[in-house]
>>> print(open('target_27.cif').read())   # mmCIF, C-alpha atoms
data_run
loop_
_atom_site.label_atom_id
_atom_site.label_comp_id
_atom_site.auth_asym_id
_atom_site.auth_seq_id
_atom_site.Cartn_x
_atom_site.Cartn_y
_atom_site.Cartn_z
CA MET A 1 0.00 0.00 0.00
CA LEU A 2 1.25 3.46 -0.86
CA TYR A 3 0.57 6.49 1.30
CA GLN A 4 0.49 10.05 -0.01
CA ILE A 5 1.61 12.88 2.23
CA PRO A 6 -0.91 15.71 1.74
CA GLY A 7 0.58 18.60 -0.23
CA LYS A 8 3.72 16.67 -1.25
CA ASN A 9 4.64 17.16 -4.89
CA PRO A 10 5.43 15.05 -6.83
CA GLY A 11 2.97 12.51 -5.53
CA ILE A 12 3.71 8.94 -4.52
CA LYS A 13 1.86 7.52 -7.54
CA HIS A 14 3.96 9.68 -9.89
CA GLU A 15 7.17 8.54 -8.18
CA PHE A 16 6.10 4.89 -8.27
CA TYR A 17 5.52 4.99 -12.05
CA ILE A 18 8.83 6.76 -12.69
CA HIS A 19 10.79 4.16 -10.76
CA TRP A 20 8.83 1.22 -12.17
CA ILE A 21 9.26 2.39 -15.79
CA SER A 22 12.96 3.12 -15.34
CA GLU A 23 13.48 -0.33 -13.79
CA GLN A 24 11.72 -1.95 -16.75
CA LEU A 25 13.95 -0.03 -19.17
CA ARG A 26 17.11 -1.05 -17.31
CA ASN A 27 15.94 -4.67 -17.37
CA LYS A 28 15.77 -4.31 -21.17
CA GLY A 29 19.39 -3.12 -21.17
CA MET A 30 18.60 0.56 -21.72
CA GLU A 31 20.41 3.32 -19.87
CA CYS A 32 18.09 5.95 -18.45
CA VAL A 33 18.18 8.84 -16.03
CA ILE A 34 15.46 10.02 -13.68
CA SER A 35 15.31 13.81 -13.68
CA ARG A 36 13.63 16.42 -11.50
CA VAL A 37 14.09 19.05 -14.24
CA GLY A 38 12.70 18.36 -17.70
CA PRO A 39 11.30 14.98 -18.72
CA ASP A 40 10.86 12.53 -15.84
CA ILE A 41 12.87 9.76 -17.53
CA GLN A 42 15.52 10.40 -20.15
CA THR A 43 17.39 8.06 -22.47
CA SER A 44 19.76 9.06 -25.23
CA ARG A 45 16.86 9.60 -27.69
CA ILE A 46 13.61 9.22 -25.75
CA ALA A 47 11.98 11.41 -23.11
CA ILE A 48 9.21 9.99 -20.93
CA ASN A 49 6.79 12.30 -19.13
CA VAL A 50 4.66 10.64 -16.44
CA GLU A 51 1.47 12.68 -16.01
CA THR A 52 -0.62 12.01 -12.91
CA GLY A 53 -1.39 15.55 -11.74
CA ASN A 54 -2.13 19.00 -13.04
CA SER A 55 1.03 19.94 -14.92
CA ASP A 56 1.22 21.70 -18.29
CA ILE A 57 1.23 18.45 -20.27
CA LEU A 58 1.35 19.92 -23.78
CA GLY A 59 3.98 22.46 -22.73
CA ASN A 60 6.11 19.67 -21.24
CA ILE A 61 5.82 17.69 -24.47
CA TRP A 62 6.91 20.60 -26.68
CA ILE A 63 9.86 21.38 -24.41
CA ALA A 64 11.01 17.74 -24.53
CA LEU A 65 10.72 17.68 -28.34
CA ASN A 66 13.52 20.27 -28.48
CA ASP A 67 16.04 17.77 -27.10
CA PHE A 68 14.70 14.30 -27.87
CA SER A 69 13.76 12.47 -31.07
CA LYS A 70 10.74 10.83 -29.40
CA VAL A 71 8.57 11.77 -26.43
CA ILE A 72 6.33 9.34 -24.58
CA MET A 73 3.58 10.86 -22.46
CA CYS A 74 2.09 8.28 -20.15
CA SER A 75 -0.59 8.35 -17.50
CA ASP A 76 -2.78 5.94 -15.58
CA ASP A 77 -5.81 7.99 -16.70
CA GLU A 78 -7.11 6.54 -19.97
CA GLU A 79 -9.23 9.61 -20.76
CA LEU A 80 -6.21 11.89 -20.34
CA VAL A 81 -4.17 9.69 -22.67
CA LYS A 82 -6.90 9.91 -25.33
CA LYS A 83 -7.24 13.68 -24.93
CA VAL A 84 -3.51 14.41 -25.19
CA SER A 85 -3.18 11.97 -28.07
CA LYS A 86 -5.66 14.08 -30.06
CA GLU A 87 -4.12 17.43 -29.08
CA HIS A 88 -0.33 17.10 -29.29
CA GLY A 89 0.01 17.22 -33.09
CA SER A 90 3.42 15.58 -33.56
CA PRO A 91 4.20 12.12 -34.97
CA ARG A 92 7.21 12.06 -32.62
CA VAL A 93 4.90 11.92 -29.57
CA LEU A 94 3.39 8.68 -28.31
CA CYS A 95 0.68 8.64 -25.66
CA CYS A 96 -0.03 5.53 -23.61
CA LEU A 97 -0.92 4.14 -20.23
CA CYS A 98 2.03 3.99 -17.81
CA TRP A 99 2.38 0.21 -17.93
CA GLU A 100 2.66 0.35 -21.75
CA ALA A 101 5.54 2.88 -21.81
CA PRO A 102 8.48 0.44 -21.51
CA GLY A 103 7.24 -1.46 -24.57
CA LEU A 104 7.31 1.72 -26.68
CA CYS A 105 10.98 2.39 -25.96
CA SER A 106 13.00 0.87 -28.75
#
>>> encode(input="target_27.cif", output="structure tokens")
Amino acid sequence: MLYQIPGKNPGIKHEFYIHWISEQLRNKGMECVISRVGPDIQTSRIAINVETGNSDILGNIWIALNDFSKVIMCSDDEELVKKVSKEHGSPRVLCCLCWEAPGLCS
């Protein structure tokens, strides 16, 4: 069971997904870095933004596109994934549920 401390940002769910995804990538032999500034998870070519709160999702995507060839926006909210998928407007951006993100990194 995970417990969230009220007012703590980033939240425990966000942190869990970041660490789980990065562990999956490392198990696939990929090098990745967890970052507090910029995309949550960074590889040499791919940025992964985990979205579980109220951040500027589209703004975060466009910023990441400046430095990475592909951006993956993932969330555990299926409706949010569908919405962002329709709005982002770049073929270099993939939107998925958090547990699908490691499979899109290749």
>>> residues_around(input="target_27.cif", residues="region 49-65 of chain A", least_positions_apart="2", cutoff="10 Å", atoms="all atoms listed in the file", output="number ranges by chain")
A: 9-15, 17-18, 21, 38-42, 46-47, 67-77, 80-81, 84, 87-90, 92-93, 95-98, 101
>>> atom_distance(input="target_27.cif", atom1="CA of Met30 (chain A)", atom2="CA of Ser106 (chain A)")
9.0 Å
>>> atom_distance(input="target_27.cif", atom1="CA of Leu104 (chain A)", atom2="CA of Lys28 (chain A)")
11.8 Å
>>> atom_distance(input="target_27.cif", atom1="CA of Thr43 (chain A)", atom2="CA of Glu31 (chain A)")
6.2 Å
